[in-house]
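Chemist: Sending over a structure as structure tokens; questions will come in a sec.
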Amino acid sequence: MWFISFDQITPFPEEISLLIVGYLSAIGVFNPVLAGACCLLGFFTIDTIYFVLSKKGSSWIRKKTKGLSKLMQRYREKIKHQSLKAFFILCFIPRMRLFAPILAGSSGYSFKRFFVLNGTALVVFSALYVSLGFVFYKSLAGLISKVNGVQNIIFFGGIAMVAAVIIVFVVRRRKKNKDDK
């Protein structure tokens, strides 16, 4: 539900959410496999919505991508000619992952092809970031084993700093795109 709702209306990066899921899985709050599967389901649900809307030519999608024509055109060519590579590239650029289903839908991809390419990229993306969250916990636990309770504060503080940097990056990119108009 997180990735379908809150994640769509805030600039909070999905990568940070996945790191937190991995971290919480490491401390026993979630089962890591079930948590990863739920994240994948959320990602694929929202990607499918974007795919279908862009395939139908939704005005909401046009509004969401307004001002990004140069960037969209560059990746539209990559999606057509180097599909899997383009899906992976877009998946690992913060806040750009959602353009892959939009580009695939507007380029006339079949749902089956979209499902395979996007699914492959999402499985790697989700597994990597959930695993990194797990590793962060294990690393922090080893480093801070002498100071109980502080590791959670340090982890969430570090995540907040990374999120702030990514948000500033995204806001600057959007501002630059608006200025380029």
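Within each chain, counting starts at residue 1; across the structure tokens, chains are named A, B, ... in the order shown, with ligands numbered 1 upward in that order.
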What's the 12 Å shell around Ile79 of chain A, counting only C-alpha atoms, without same-chain residues fewer than 3 positions away, as a count of residues only?
Modeler: 29
Chemist: Can you work out which one of A:Ile93, A:Leu40, A:Val171, A:Leu98 has the shortest atom-to-atom distance to Thr120 of chain A, counting only C-alpha atoms?
Modeler: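 Comparing A:Ile93, A:Leu40, A:Val171, A:Leu98 against Thr120 of chain A, the winner is A:Leu40.
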Chemist: Residues of chain A classed as helix (DSSP H, G or I) by DSSP on the backbone are to be reported as a PyMOL selection string.
Modeler: chain A and resi 6-9+14-26+32-55+59-64+69-81+83-91+99-106+111-143+150-180
Chemist: Closest to Leu41 of chain A among A:Phe12, A:Leu53, A:Leu122, A:Met96, using only C-alpha atoms?
Modeler: A:Leu122
Chemist: Nearest residue to Ile20 of chain A out of A:Asn177, A:Ser131, A:Thr48, A:Ser59, using only C-alpha atoms?
Modeler: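 Result for the nearest residue to Ile20 of chain A: A:Ser131.
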Chemist: Go through A:Leu128, A:Cys39, A:Phe111, A:Lys138 and flag the residue nearest Ala26 of chain A, using only C-alpha atoms for the distances.
Modeler: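 When distances to Ala26 of chain A are compared using only C-alpha atoms, the smallest one comes from A:Lys138.
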Chemist: Can you pull out every residue within 9 Å of Phe155 of chain A, counting only C-alpha atoms, but drop anything in the same chain fewer than 6 positions away, and send it as a PyMOL selection string?
Modeler: chain A and resi 20+23+136-137+140
Chemist: Create the file for the chosen residues now, containing C-alpha atoms and written as a compact mmCIF listing (two decimals), in the first residue's frame.
Modeler:
# COMPACT_ATOMS: atom_id res chain seq x y z
CA ILE A 20 14.03 0.62 5.60
CA TYR A 23 16.53 -2.95 7.93
CA PHE A 136 23.24 -2.01 6.87
CA TYR A 137 21.64 -3.42 9.98
CA LEU A 140 25.64 -1.20 12.24
Chemist: Just the number, please: distance in Å from atom CA of Val124 of chain A to atom CA of Cys38 of chain A, one decimal.
Modeler: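 Atom-to-atom, atom CA of Val124 of chain A and atom CA of Cys38 of chain A are spaced 14.3 Å apart.
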